[in-house]
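Dumped query_3.cif below, it's mmCIF, C-alpha atoms and all ligand atoms:
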```cif
data_entry
#
loop_
_atom_site.label_atom_id
_atom_site.label_comp_id
_atom_site.auth_asym_id
_atom_site.auth_seq_id
_atom_site.Cartn_x
_atom_site.Cartn_y
_atom_site.Cartn_z
CA MET S 1409 10.12 -9.01 31.66
CA ALA S 1410 6.65 -7.64 30.96
CA ALA S 1411 4.87 -9.19 27.98
CA ILE S 1412 4.87 -7.07 24.85
CA LYS S 1413 1.37 -6.02 23.92
CA LEU S 1414 0.99 -5.72 20.19
CA ALA S 1415 -2.17 -5.83 18.14
CA PRO S 1416 -2.36 -9.01 15.99
CA ARG S 1417 -1.55 -7.09 12.82
CA LEU S 1418 1.58 -5.54 14.30
CA ARG S 1419 2.66 -8.93 15.64
CA VAL S 1420 2.47 -10.40 12.15
CA LEU S 1421 4.25 -7.36 10.67
CA ARG S 1422 6.99 -7.61 13.25
CA SER S 1423 7.54 -11.20 12.29
CA ILE S 1424 7.54 -10.73 8.52
CA GLU S 1425 9.74 -7.63 8.63
CA LYS S 1426 12.54 -9.78 9.99
CA GLU S 1427 12.68 -11.71 6.71
CA PRO S 1428 14.11 -10.05 3.62
CA HIS S 1429 11.47 -9.86 0.89
CA ARG S 1430 11.23 -8.65 -2.68
CA TYR S 1431 8.29 -6.26 -2.10
CA PRO S 1432 10.12 -3.75 0.13
CA LYS S 1433 12.97 -3.72 -2.41
CA ILE S 1434 10.58 -3.04 -5.28
CA ARG S 1435 8.84 -0.42 -3.18
CA ARG S 1436 12.10 1.41 -2.48
CA PHE S 1437 12.55 1.80 -6.22
CA THR S 1438 8.94 2.79 -7.02
CA MET S 1439 8.90 5.22 -4.10
CA ALA S 1440 12.11 6.81 -5.37
CA VAL S 1441 10.41 7.35 -8.74
CA THR S 1442 7.42 8.97 -7.02
CA PHE S 1443 9.69 11.36 -5.10
CA VAL S 1444 11.79 12.24 -8.13
CA VAL S 1445 8.58 13.30 -9.89
CA LEU S 1446 7.22 15.15 -6.84
CA TYR S 1447 10.45 17.13 -6.38
CA ALA S 1448 11.27 17.65 -10.06
CA ILE S 1449 8.01 19.38 -10.97
CA PRO S 1450 8.43 22.45 -8.73
CA LEU S 1451 12.25 22.51 -8.73
CA LEU S 1452 12.53 22.39 -12.52
CA GLY S 1453 9.80 25.00 -12.82
CA ILE S 1454 7.24 22.77 -14.53
CA ALA S 1455 4.65 24.04 -12.05
CA ARG S 1456 4.77 26.15 -8.92
CA PHE S 1457 2.40 28.57 -7.25
CA ASP S 1458 4.69 30.64 -5.07
CA LEU S 1459 3.12 32.00 -1.91
CA TRP S 1460 6.30 33.81 -0.86
CA ASP S 1461 7.27 36.20 -3.62
CA GLY S 1462 4.99 35.52 -6.56
CA ARG S 1463 7.73 33.56 -8.38
CA HIS S 1464 5.15 31.37 -10.11
CA MET S 1465 6.33 28.86 -12.69
CA ALA S 1466 4.64 27.08 -15.60
CA ALA S 1467 6.34 24.96 -18.26
CA PHE S 1468 9.87 26.07 -17.13
CA GLU S 1469 8.98 29.80 -17.45
CA ARG S 1470 8.37 32.46 -14.83
CA THR S 1471 4.71 33.35 -15.11
CA ASN S 1472 1.84 35.17 -13.48
CA PHE S 1473 -0.53 34.20 -10.69
CA VAL S 1474 -3.19 32.70 -12.96
CA TYR S 1475 -0.81 30.52 -15.01
CA GLY S 1476 1.11 29.45 -11.91
CA PHE S 1477 -2.10 28.31 -10.27
CA GLY S 1478 -3.26 26.71 -13.53
CA ALA S 1479 0.03 24.78 -13.88
CA VAL S 1480 -0.30 23.31 -10.38
CA PHE S 1481 -3.95 22.49 -10.98
CA LEU S 1482 -3.19 20.87 -14.33
CA SER S 1483 -0.35 18.82 -12.80
CA VAL S 1484 -2.74 17.45 -10.18
CA ILE S 1485 -5.28 16.57 -12.88
CA VAL S 1486 -2.60 14.83 -14.99
CA PHE S 1487 -1.46 12.93 -11.91
CA TYR S 1488 -5.02 11.79 -11.23
CA LEU S 1489 -5.49 10.73 -14.86
CA LEU S 1490 -2.26 8.75 -14.79
CA THR S 1491 -3.24 6.91 -11.63
CA PHE S 1492 -6.65 6.17 -13.17
CA VAL S 1493 -4.98 4.70 -16.26
CA VAL S 1494 -2.74 2.57 -14.02
CA ASN S 1495 -5.84 1.49 -12.12
CA GLY S 1496 -7.53 0.44 -15.35
CA ILE S 1497 -4.63 -1.88 -16.16
CA VAL S 1498 -3.28 -3.26 -12.91
CA GLY S 1499 -5.75 -2.17 -10.26
CA ARG S 1500 -4.56 -0.27 -7.21
CA LEU S 1501 -0.90 -0.96 -7.77
CA PHE S 1502 -0.18 2.72 -7.19
CA CYS S 1503 -1.70 2.39 -3.70
CA GLY S 1504 0.48 -0.57 -2.87
CA PHE S 1505 3.76 0.52 -4.39
CA GLY S 1506 3.73 4.15 -5.46
CA CYS S 1507 1.74 6.18 -2.95
CA PRO S 1508 3.86 8.11 -0.44
CA VAL S 1509 0.90 8.46 1.93
CA GLY S 1510 0.64 4.68 2.13
CA GLU S 1511 4.39 4.51 2.69
CA MET S 1512 4.06 7.01 5.56
CA SER S 1513 1.49 4.68 7.13
CA ARG S 1514 3.92 1.79 6.69
CA ALA S 1515 6.72 3.76 8.39
CA SER S 1516 4.29 4.62 11.20
CA ASP S 1517 3.44 0.92 11.66
CA THR S 1518 7.13 0.14 12.05
CA ALA S 1519 7.60 3.05 14.47
CA GLU S 1520 4.66 1.85 16.55
CA ILE S 1521 6.15 -1.64 16.76
CA ALA S 1522 9.42 -0.06 17.90
CA ARG S 1523 7.65 2.10 20.53
CA LYS S 1524 5.78 -0.91 21.92
CA THR S 1525 8.68 -3.35 21.92
CA GLY S 1526 11.50 -0.91 22.63
CA GLU S 1527 13.49 -2.48 19.75
CA ASN S 1528 15.25 -0.01 17.41
CA ARG S 1529 13.04 2.75 18.70
CA LEU S 1530 15.35 5.61 17.80
CA ARG S 1531 16.03 4.23 14.33
CA ASP S 1532 12.39 3.56 13.43
CA GLU S 1533 11.03 6.79 14.91
CA GLY S 1534 13.80 8.59 13.06
CA LYS S 1535 12.76 6.91 9.83
CA ALA S 1536 9.11 7.91 10.34
CA TRP S 1537 10.09 11.54 11.02
CA GLY S 1538 12.52 11.46 8.09
CA PHE S 1539 9.87 10.17 5.72
CA ALA S 1540 7.40 12.78 7.00
CA ALA S 1541 10.04 15.46 6.29
CA LEU S 1542 10.63 14.13 2.78
CA LEU S 1543 6.93 14.09 1.98
CA ALA S 1544 6.08 17.44 3.58
CA THR S 1545 9.03 19.14 1.87
CA ALA S 1546 7.89 17.81 -1.51
CA GLY S 1547 4.47 19.40 -0.96
CA PHE S 1548 6.01 22.60 0.43
CA LEU S 1549 8.12 23.15 -2.70
CA TRP S 1550 5.00 23.25 -4.87
CA PHE S 1551 3.91 26.39 -3.00
CA VAL S 1552 7.09 28.10 -1.83
CA ASP S 1553 10.21 28.91 -3.83
CA PRO S 1554 13.09 27.42 -1.75
CA ARG S 1555 15.15 30.57 -2.37
CA VAL S 1556 13.09 32.11 0.42
CA PHE S 1557 15.60 30.57 2.87
CA ILE S 1558 18.44 32.55 1.26
CA GLU S 1559 16.94 35.66 -0.30
CA GLY S 1560 13.87 36.14 1.90
CA SER S 1561 13.51 38.73 4.65
CA LEU S 1562 13.84 37.53 8.25
CA LYS S 1563 10.05 37.45 8.55
CA ALA S 1564 9.72 35.42 5.33
CA LYS S 1565 12.41 32.99 6.49
CA LEU S 1566 10.72 32.52 9.85
CA MET S 1567 7.32 32.01 8.25
CA ALA S 1568 8.68 29.54 5.71
CA THR S 1569 10.51 27.59 8.43
CA GLY S 1570 7.42 27.56 10.64
CA GLY S 1571 5.25 26.43 7.71
CA LEU S 1572 7.62 23.64 6.76
CA LEU S 1573 8.00 22.37 10.34
CA GLY S 1574 4.22 22.51 10.79
CA ALA S 1575 3.74 20.49 7.59
CA ILE S 1576 6.29 17.88 8.73
CA ALA S 1577 4.61 17.53 12.14
CA THR S 1578 1.18 17.25 10.50
CA VAL S 1579 2.31 14.47 8.15
CA TYR S 1580 3.97 12.60 11.03
CA LEU S 1581 0.89 12.92 13.27
CA LEU S 1582 -1.46 11.83 10.48
CA GLY S 1583 0.73 8.77 9.98
CA ARG S 1584 0.81 8.08 13.70
CA PHE S 1585 -2.88 8.56 14.52
CA VAL S 1586 -4.87 8.24 11.29
CA ARG S 1587 -2.70 5.90 9.24
CA TRP S 1588 -4.65 3.35 7.13
CA SER S 1589 -8.03 4.80 8.16
CA PHE S 1590 -7.33 7.48 5.59
CA CYS S 1591 -7.06 4.83 2.85
CA ARG S 1592 -10.14 3.01 4.12
CA GLY S 1593 -12.54 5.88 4.10
CA TYR S 1594 -11.22 9.32 3.28
CA CYS S 1595 -8.70 9.30 0.42
CA PRO S 1596 -10.36 10.69 -2.72
CA ILE S 1597 -8.17 8.54 -4.98
CA GLY S 1598 -8.94 5.43 -2.94
CA ILE S 1599 -12.69 6.11 -2.97
CA TYR S 1600 -12.59 6.66 -6.70
CA TYR S 1601 -10.62 3.43 -7.14
CA SER S 1602 -13.00 1.36 -5.04
CA ALA S 1603 -16.04 2.79 -6.84
CA VAL S 1604 -14.81 2.27 -10.40
CA GLN S 1605 -12.60 -0.76 -9.93
CA THR S 1606 -12.99 -3.04 -12.89
CA ALA S 1607 -11.89 -6.67 -12.73
CA HIS S 1608 -8.20 -7.32 -13.32
CA ALA S 1609 -6.23 -10.43 -13.92
CA PHE S 1610 -3.44 -8.78 -11.89
CA GLY S 1611 -3.93 -8.76 -8.16
CA ILE S 1612 -4.18 -10.97 -5.12
CA HIS S 1613 -5.02 -14.56 -5.95
CA TYR S 1614 -5.91 -17.29 -3.52
CA ASP S 1615 -5.26 -20.68 -5.00
CA GLU S 1616 -6.59 -23.34 -2.72
CA ILE S 1617 -6.45 -26.12 -5.31
CA GLU S 1618 -2.75 -26.01 -6.10
CA SER S 1619 -1.61 -25.29 -2.60
CA VAL S 1620 -2.12 -26.03 1.03
CA CYS S 1621 -3.74 -23.34 3.15
CA LYS S 1622 -3.06 -23.75 6.85
CA GLY S 1623 -6.02 -21.64 7.93
CA CYS S 1624 -3.74 -19.58 10.16
CA ASP S 1625 -5.31 -16.24 9.12
CA TYR S 1626 -1.96 -14.43 9.20
CA CYS S 1627 -2.84 -13.02 5.77
CA GLU S 1628 -6.02 -11.49 7.17
CA GLN S 1629 -4.23 -10.13 10.21
CA ALA S 1630 -1.55 -8.53 8.03
CA CYS S 1631 -4.01 -6.63 5.85
CA PRO S 1632 -3.83 -2.90 6.63
CA VAL S 1633 -7.42 -2.29 5.56
CA GLY S 1634 -9.08 -5.28 7.22
CA LEU S 1635 -9.84 -7.47 4.21
CA ASP S 1636 -9.90 -11.23 3.90
CA PRO S 1637 -7.36 -11.95 1.13
CA LYS S 1638 -8.65 -15.51 0.83
CA ASP S 1639 -11.95 -14.30 -0.56
CA LEU S 1640 -11.78 -10.81 -1.96
CA ARG S 1641 -15.07 -11.29 -3.78
CA LYS S 1642 -16.95 -11.02 -0.48
CA PRO S 1643 -18.73 -7.66 -0.06
CA GLN S 1644 -17.06 -5.16 2.25
CA ASN S 1645 -19.55 -3.85 4.77
CA ASP S 1646 -17.63 -2.34 7.68
CA VAL S 1647 -16.45 0.72 5.80
CA ILE S 1648 -15.62 3.96 7.55
CA GLY S 1649 -15.75 7.63 6.56
CA VAL S 1650 -17.13 8.09 3.07
CA GLY S 1651 -16.09 4.63 1.85
CA ILE S 1652 -18.75 2.80 -0.17
CA GLU S 1653 -20.41 -0.23 1.43
CA GLY S 1654 -21.29 -3.48 -0.30
CA LEU S 1655 -18.63 -3.46 -3.01
CA PRO S 1656 -16.41 -6.53 -3.35
CA GLN S 1657 -13.38 -6.46 -1.06
CA SER S 1658 -11.16 -6.60 -4.15
CA ASN S 1659 -12.27 -3.02 -4.86
CA HIS S 1660 -10.78 -1.96 -1.54
CA CYS S 1661 -7.59 -4.02 -1.86
CA LEU S 1662 -4.51 -1.78 -1.96
CA THR S 1663 -2.47 -4.41 -3.83
CA CYS S 1664 0.20 -3.91 -1.19
CA GLY S 1665 1.14 -7.60 -0.93
CA GLU S 1666 1.36 -7.67 2.90
CA CYS S 1667 -0.95 -10.69 2.95
CA VAL S 1668 1.30 -12.47 0.45
CA ARG S 1669 4.36 -11.72 2.59
CA ALA S 1670 2.58 -13.08 5.66
CA CYS S 1671 1.50 -16.18 3.79
CA GLU S 1672 4.97 -16.80 2.35
CA SER S 1673 6.47 -16.46 5.82
CA VAL S 1674 4.27 -19.33 7.01
CA PHE S 1675 5.71 -21.51 4.25
CA LEU S 1676 9.34 -20.49 4.68
CA GLN S 1677 10.31 -23.77 6.27
CA LYS S 1678 8.34 -25.75 3.68
CA PRO S 1679 10.08 -25.17 0.38
CA GLY S 1680 8.10 -27.98 -1.32
CA LEU S 1681 4.74 -26.28 -0.70
CA ILE S 1682 3.35 -23.41 -2.74
CA PRO S 1683 1.84 -20.60 -0.64
CA PRO S 1684 -1.81 -20.21 -1.60
CA LEU S 1685 -1.68 -16.42 -1.88
CA SER S 1686 0.10 -14.56 -4.63
CA LEU S 1687 0.23 -11.10 -6.10
CA SER S 1688 0.27 -12.04 -9.70
CA ARG S 1689 -1.43 -12.03 -13.03
CA LYS S 1690 -3.82 -14.92 -13.40
CA ALA S 1691 -6.85 -15.11 -15.63
CA ASP S 1692 -9.08 -16.41 -12.91
CA ALA S 1693 -11.78 -15.32 -10.70
CA ARG S 1694 -11.69 -11.61 -10.16
CA LYS S 1695 -14.97 -11.27 -12.05
CA PRO S 1696 -17.79 -13.61 -10.98
CA GLU S 1697 -18.75 -14.06 -14.67
CA ASP S 1698 -15.18 -15.15 -15.46
CA GLN S 1699 -15.40 -17.68 -12.67
CA LYS S 1700 -18.63 -19.05 -14.16
CA LYS S 1701 -16.96 -19.30 -17.58
CA ALA S 1702 -13.97 -21.02 -16.03
CA ASP S 1703 -16.26 -23.45 -14.19
CA LYS S 1704 -18.17 -24.23 -17.41
CA LYS S 1705 -14.95 -24.73 -19.31
CA GLY S 1706 -13.72 -27.06 -16.61
CA LYS S 1707 -16.93 -29.10 -16.75
CA SER S 1708 -16.90 -29.49 -20.55
CA ALA S 1709 -13.23 -30.44 -20.44
CA ASP S 1710 -14.06 -33.04 -17.80
CA LYS S 1711 -16.74 -34.53 -20.05
CA ALA S 1712 -14.44 -34.72 -23.05
CA LYS S 1713 -11.52 -36.28 -21.22
CA PRO S 1714 -11.35 -39.73 -19.68
CA VAL S 1715 -11.12 -39.50 -15.92
CA GLU S 1716 -7.52 -39.43 -14.82
CA THR S 1717 -6.31 -40.23 -11.38
CA LYS S 1718 -4.27 -37.28 -10.28
CA GLU S 1719 -1.68 -37.30 -7.63
CA GLU S 1720 -2.92 -35.39 -4.58
CA PRO S 1721 -1.19 -32.04 -4.08
CA PRO S 1722 1.29 -32.15 -1.22
CA ARG S 1723 -0.35 -31.67 2.14
CA ALA S 1724 1.29 -30.45 5.29
CA GLU S 1725 1.16 -33.08 8.00
CA PRO S 1726 -0.57 -31.89 11.22
CA GLU S 1727 2.65 -31.98 13.25
CA SER S 1728 4.34 -29.59 10.82
CA GLU S 1729 1.44 -27.16 10.95
CA LEU S 1730 1.66 -27.05 14.69
CA GLN S 1731 5.39 -26.64 14.56
CA THR S 1732 5.09 -23.78 12.10
CA ALA S 1733 2.42 -22.04 14.15
CA ALA S 1734 4.40 -22.48 17.33
CA LYS S 1735 7.52 -21.17 15.62
CA LEU S 1736 5.69 -18.09 14.40
CA GLU S 1737 4.13 -17.46 17.78
CA THR S 1738 7.54 -17.67 19.42
CA SER S 1739 9.06 -15.26 16.99
CA LEU S 1740 6.14 -12.85 17.42
S1 LIG E 1801 -6.00 4.96 -0.76
FE1 LIG E 1801 -5.09 6.97 -1.21
S2 LIG E 1801 -3.65 7.36 0.46
FE2 LIG E 1801 -4.15 5.18 0.50
S3 LIG E 1801 -2.52 4.24 -0.68
FE3 LIG E 1801 -4.24 4.61 -2.11
S4 LIG E 1801 -3.83 6.63 -3.01
FE4 LIG E 1801 -2.52 6.41 -1.21
S1 LIG E 1802 -5.78 -8.00 0.71
FE1 LIG E 1802 -3.53 -8.14 0.72
S2 LIG E 1802 -2.84 -6.82 -0.93
FE2 LIG E 1802 -4.99 -6.29 -0.48
S3 LIG E 1802 -4.84 -4.60 0.98
FE3 LIG E 1802 -5.03 -6.47 2.15
S4 LIG E 1802 -2.90 -7.06 2.56
FE4 LIG E 1802 -2.84 -5.56 0.92
S1 LIG E 1803 -1.60 -16.88 5.53
FE1 LIG E 1803 -1.65 -18.34 3.83
S2 LIG E 1803 -1.80 -20.31 4.87
FE2 LIG E 1803 -2.40 -18.80 6.39
S3 LIG E 1803 -4.66 -18.62 6.15
FE3 LIG E 1803 -3.72 -17.09 4.83
S4 LIG E 1803 -3.66 -18.09 2.83
FE4 LIG E 1803 -3.89 -19.72 4.34
#
```

Serialized structure, structure tokens:
Amino acid sequence: MAAIKLAPRLRVLRSIEKEPHRYPKIRRFTMAVTFVVLYAIPLLGIARFDLWDGRHMAAFERTNFVYGFGAVFLSVIVFYLLTFVVNGIVGRLFCGFGCPVGEMSRASDTAEIARKTGENRLRDEGKAWGFAALLATAGFLWFVDPRVFIEGSLKAKLMATGGLLGAIATVYLLGRFVRWSFCRGYCPIGIYYSAVQTAHAFGIHYDEIESVCKGCDYCEQACPVGLDPKDLRKPQNDVIGVGIEGLPQSNHCLTCGECVRACESVFLQKPGLIPPLSLSRKADARKPEDQKKADKKGKSADKAKPVETKEEPPRAEPESELQTAAKLETSL
């Protein structure tokens, strides 16, 4: 049988997707919330700018062109403000768990793995097309009253159908060919986030003191935007599009947790060891000044206390590391 050619990132994804994990479950819920909001706004008449028959809606009332447009515009502004508030508290958690565009990229990753390996191809391609349809239809409803498919003239029905199918194909193709590049250098929300990102206790933490890093780099390979999760304070220089160079990598981190999943998968057979990476809330080193404070605090505490002999944290013996790596390679 011919060898399967998968990029390193897809190989890691293929491996970790075989293990059940809490993040996809959480994401199913958060994504459902996103879609309920996206569908409810036009369907309940909170905002719609109807290109078919001028059936514009604002605040549950039929309205005119100006107010219909204003309601859609205002909804987008409110959405942006909300995501900015979320960003101020927990960083780019919306990117990792609430953004349907990111989820489309995730579905496209899975479909690409299926295309390359031939495993579950129909199912995973179907899921990618299904998600594209869900997302495109949500957008479509903001601009076309769905009654066009019942009450519209033949021409209106054909145009609406063509528009919807075109939107679905566009979303699918963007997922297939652009994917995470959009997040890395073109998404206005993402660029805003990376530019204004303030330090957060919540996020990806690499704890090399308490744990045992195997140096396998699966976390790095799993990252959809090419970061090194082990040191997110490093500046990010290979940006694309209109992304901003030189900012810490933490500003570009989507808080998606893929690196944590990859890291946890390496430690699956080692229940006594704590994976070094976590997506958590820790008052540590997201800000360099906090790190300095923490270092100072540590030094003064050391002076005050008598020196204690601590038990070394558990270390993985070399044979086990090799076994784990070999096991992962086999499963990839
Ligand atoms: S960068 Fe933009 S498209 Fe990507 S996950 Fe964040 S909000 Fe979504
Ligand atoms: S560093 Fe981890 S959480 Fe951040 S984008 Fe990369 S994989 Fe996602
Ligand atoms: S996946 Fe975990 S063990 Fe492997 S290099 Fe990354 S942090 Fe270390």

Kindly provide, as AutoDock Vina command-line options, the centre and edge lengths (Å, one decimal) of an axis-aligned box around all atoms of region 1540-1556 of chain S given in the file, with 6 Å on each side.
```
--center_x 9.5 --center_y 22.4 --center_z 1.1 --size_x 23.2 --size_y 31.3 --size_z 23.9
```

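From CA of Leu1501 (chain S) back to CA of Ile1648 (chain S), the distance works out to 21.8 Å.
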
Please identify all protein, DNA and RNA residues within 10 Å of ligand LIG 1803 (chain E), counting all atoms listed in the file, and report them as a PyMOL selection string. chain S and resi 1613-1616+1619-1630+1636-1639+1667-1675+1682-1686+1729+1733

To one decimal place in Å, what is the distance between CA of Ile1576 (chain S) and CA of Gly1665 (chain S)? 27.7 Å

Find the residues of chain S that sit at most 12 Å from ligand LIG 1801 (chain E); for each, write down the nearest two atoms and how far apart they are in Å, to one decimal. Count only C-alpha atoms and all ligand atoms. Sort by chain, then by number going up, and give it as JSON lines.
```
{"residue": "S:Met1439", "atom": "CA", "partner": "E:LIG1801", "partner_atom": "FE4", "distance": 11.8}
{"residue": "S:Thr1442", "atom": "CA", "partner": "E:LIG1801", "partner_atom": "FE4", "distance": 11.8}
{"residue": "S:Phe1487", "atom": "CA", "partner": "E:LIG1801", "partner_atom": "S4", "distance": 11.2}
{"residue": "S:Tyr1488", "atom": "CA", "partner": "E:LIG1801", "partner_atom": "S4", "distance": 9.8}
{"residue": "S:Thr1491", "atom": "CA", "partner": "E:LIG1801", "partner_atom": "S4", "distance": 8.6}
{"residue": "S:Phe1492", "atom": "CA", "partner": "E:LIG1801", "partner_atom": "S4", "distance": 10.6}
{"residue": "S:Val1494", "atom": "CA", "partner": "E:LIG1801", "partner_atom": "S4", "distance": 11.8}
{"residue": "S:Asn1495", "atom": "CA", "partner": "E:LIG1801", "partner_atom": "FE3", "distance": 10.6}
{"residue": "S:Gly1499", "atom": "CA", "partner": "E:LIG1801", "partner_atom": "FE3", "distance": 10.7}
{"residue": "S:Arg1500", "atom": "CA", "partner": "E:LIG1801", "partner_atom": "FE3", "distance": 7.1}
{"residue": "S:Leu1501", "atom": "CA", "partner": "E:LIG1801", "partner_atom": "FE3", "distance": 8.6}
{"residue": "S:Phe1502", "atom": "CA", "partner": "E:LIG1801", "partner_atom": "FE3", "distance": 6.8}
{"residue": "S:Cys1503", "atom": "CA", "partner": "E:LIG1801", "partner_atom": "S3", "distance": 3.6}
{"residue": "S:Gly1504", "atom": "CA", "partner": "E:LIG1801", "partner_atom": "S3", "distance": 6.1}
{"residue": "S:Phe1505", "atom": "CA", "partner": "E:LIG1801", "partner_atom": "S3", "distance": 8.2}
{"residue": "S:Gly1506", "atom": "CA", "partner": "E:LIG1801", "partner_atom": "S3", "distance": 7.9}
{"residue": "S:Cys1507", "atom": "CA", "partner": "E:LIG1801", "partner_atom": "FE4", "distance": 4.6}
{"residue": "S:Pro1508", "atom": "CA", "partner": "E:LIG1801", "partner_atom": "FE4", "distance": 6.6}
{"residue": "S:Val1509", "atom": "CA", "partner": "E:LIG1801", "partner_atom": "S2", "distance": 4.9}
{"residue": "S:Gly1510", "atom": "CA", "partner": "E:LIG1801", "partner_atom": "S3", "distance": 4.3}
{"residue": "S:Glu1511", "atom": "CA", "partner": "E:LIG1801", "partner_atom": "S3", "distance": 7.7}
{"residue": "S:Met1512", "atom": "CA", "partner": "E:LIG1801", "partner_atom": "S2", "distance": 9.3}
{"residue": "S:Ser1513", "atom": "CA", "partner": "E:LIG1801", "partner_atom": "FE2", "distance": 8.7}
{"residue": "S:Arg1514", "atom": "CA", "partner": "E:LIG1801", "partner_atom": "S3", "distance": 10.1}
{"residue": "S:Leu1582", "atom": "CA", "partner": "E:LIG1801", "partner_atom": "S2", "distance": 11.2}
{"residue": "S:Gly1583", "atom": "CA", "partner": "E:LIG1801", "partner_atom": "S2", "distance": 10.6}
{"residue": "S:Val1586", "atom": "CA", "partner": "E:LIG1801", "partner_atom": "S2", "distance": 10.9}
{"residue": "S:Arg1587", "atom": "CA", "partner": "E:LIG1801", "partner_atom": "FE2", "distance": 8.9}
{"residue": "S:Trp1588", "atom": "CA", "partner": "E:LIG1801", "partner_atom": "FE2", "distance": 6.9}
{"residue": "S:Ser1589", "atom": "CA", "partner": "E:LIG1801", "partner_atom": "FE2", "distance": 8.6}
{"residue": "S:Phe1590", "atom": "CA", "partner": "E:LIG1801", "partner_atom": "S2", "distance": 6.3}
{"residue": "S:Cys1591", "atom": "CA", "partner": "E:LIG1801", "partner_atom": "FE2", "distance": 3.8}
{"residue": "S:Arg1592", "atom": "CA", "partner": "E:LIG1801", "partner_atom": "S1", "distance": 6.7}
{"residue": "S:Gly1593", "atom": "CA", "partner": "E:LIG1801", "partner_atom": "S1", "distance": 8.2}
{"residue": "S:Tyr1594", "atom": "CA", "partner": "E:LIG1801", "partner_atom": "S1", "distance": 7.9}
{"residue": "S:Cys1595", "atom": "CA", "partner": "E:LIG1801", "partner_atom": "FE1", "distance": 4.6}
{"residue": "S:Pro1596", "atom": "CA", "partner": "E:LIG1801", "partner_atom": "FE1", "distance": 6.6}
{"residue": "S:Ile1597", "atom": "CA", "partner": "E:LIG1801", "partner_atom": "FE1", "distance": 5.1}
{"residue": "S:Gly1598", "atom": "CA", "partner": "E:LIG1801", "partner_atom": "S1", "distance": 3.7}
{"residue": "S:Ile1599", "atom": "CA", "partner": "E:LIG1801", "partner_atom": "S1", "distance": 7.1}
{"residue": "S:Tyr1600", "atom": "CA", "partner": "E:LIG1801", "partner_atom": "S1", "distance": 9.0}
{"residue": "S:Tyr1601", "atom": "CA", "partner": "E:LIG1801", "partner_atom": "S1", "distance": 8.0}
{"residue": "S:Ser1602", "atom": "CA", "partner": "E:LIG1801", "partner_atom": "S1", "distance": 9.0}
{"residue": "S:Ala1603", "atom": "CA", "partner": "E:LIG1801", "partner_atom": "S1", "distance": 11.9}
{"residue": "S:Pro1632", "atom": "CA", "partner": "E:LIG1801", "partner_atom": "FE2", "distance": 10.1}
{"residue": "S:Val1633", "atom": "CA", "partner": "E:LIG1801", "partner_atom": "FE2", "distance": 9.6}
{"residue": "S:Gly1651", "atom": "CA", "partner": "E:LIG1801", "partner_atom": "S1", "distance": 10.4}
{"residue": "S:Asn1659", "atom": "CA", "partner": "E:LIG1801", "partner_atom": "S1", "distance": 10.9}
{"residue": "S:His1660", "atom": "CA", "partner": "E:LIG1801", "partner_atom": "S1", "distance": 8.4}
{"residue": "S:Cys1661", "atom": "CA", "partner": "E:LIG1801", "partner_atom": "S1", "distance": 9.2}
{"residue": "S:Leu1662", "atom": "CA", "partner": "E:LIG1801", "partner_atom": "FE3", "distance": 6.4}
{"residue": "S:Thr1663", "atom": "CA", "partner": "E:LIG1801", "partner_atom": "S3", "distance": 9.2}
{"residue": "S:Cys1664", "atom": "CA", "partner": "E:LIG1801", "partner_atom": "S3", "distance": 8.6}
```

Between CA of Phe1468 (chain S) and CA of Gly1560 (chain S), what distance in Å does the model show, to one decimal? 21.9 Å

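Residue nearest Gly1534 (chain S), chosen from S:Gly1571, S:Gln1605, S:Glu1559, S:Tyr1580 and counting all atoms listed in the file: S:Tyr1580.
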
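Among the candidates S:Val1441, S:Leu1562, S:Leu1418, S:Val1484, the one nearest to Ala1522 (chain S) when counting all atoms listed in the file is S:Leu1418.
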
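Look at Leu1452 (chain S): the protein and nucleic acid residues within 9 Å of it, using only C-alpha atoms and passing over chain neighbours fewer than 2 places away, are S:Tyr1447, S:Ala1448, S:Ile1449, S:Pro1450, S:Ile1454, S:Ala1455, S:Met1465, S:Ala1467, S:Phe1468.
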
If you keep C-alpha atoms, can you produce a file of those selected residues as a CSV table (one decimal), in the frame of the given file?
```csv
chain,number,residue,atom,x,y,z
S,1447,TYR,CA,10.4,17.1,-6.4
S,1448,ALA,CA,11.3,17.6,-10.1
S,1449,ILE,CA,8.0,19.4,-11.0
S,1450,PRO,CA,8.4,22.4,-8.7
S,1454,ILE,CA,7.2,22.8,-14.5
S,1455,ALA,CA,4.6,24.0,-12.0
S,1465,MET,CA,6.3,28.9,-12.7
S,1467,ALA,CA,6.3,25.0,-18.3
S,1468,PHE,CA,9.9,26.1,-17.1
```

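Counting all atoms listed in the file and comparing S:Lys1678, S:Arg1641, S:Arg1456, S:Lys1690, the residue that lies closest to ligand LIG 1802 (chain E) is S:Arg1641.
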
Within 12 Å of Arg1584 (chain S), counting all atoms listed in the file, which residues show up once you throw out same-chain ones fewer than 5 positions away? Write them as a ChimeraX atom specification, please. /S:1509,1512-1521,1523,1533,1536-1537,1540,1577-1579,1589-1590

Which one is closest to ligand LIG 1802 (chain E): S:Thr1545, S:Arg1417, S:Lys1565, S:Ala1440? Count all atoms listed in the file. S:Arg1417

Pick from S:Leu1542, S:Val1445, S:Val1604, S:Leu1459 nearest to Phe1473 (chain S), counting all atoms listed in the file: S:Leu1459

Taking only C-alpha atoms and all ligand atoms into account, which of S:Leu1676, S:Leu1421, S:Phe1548, S:Leu1543 comes nearest ligand LIG 1802 (chain E)? S:Leu1421
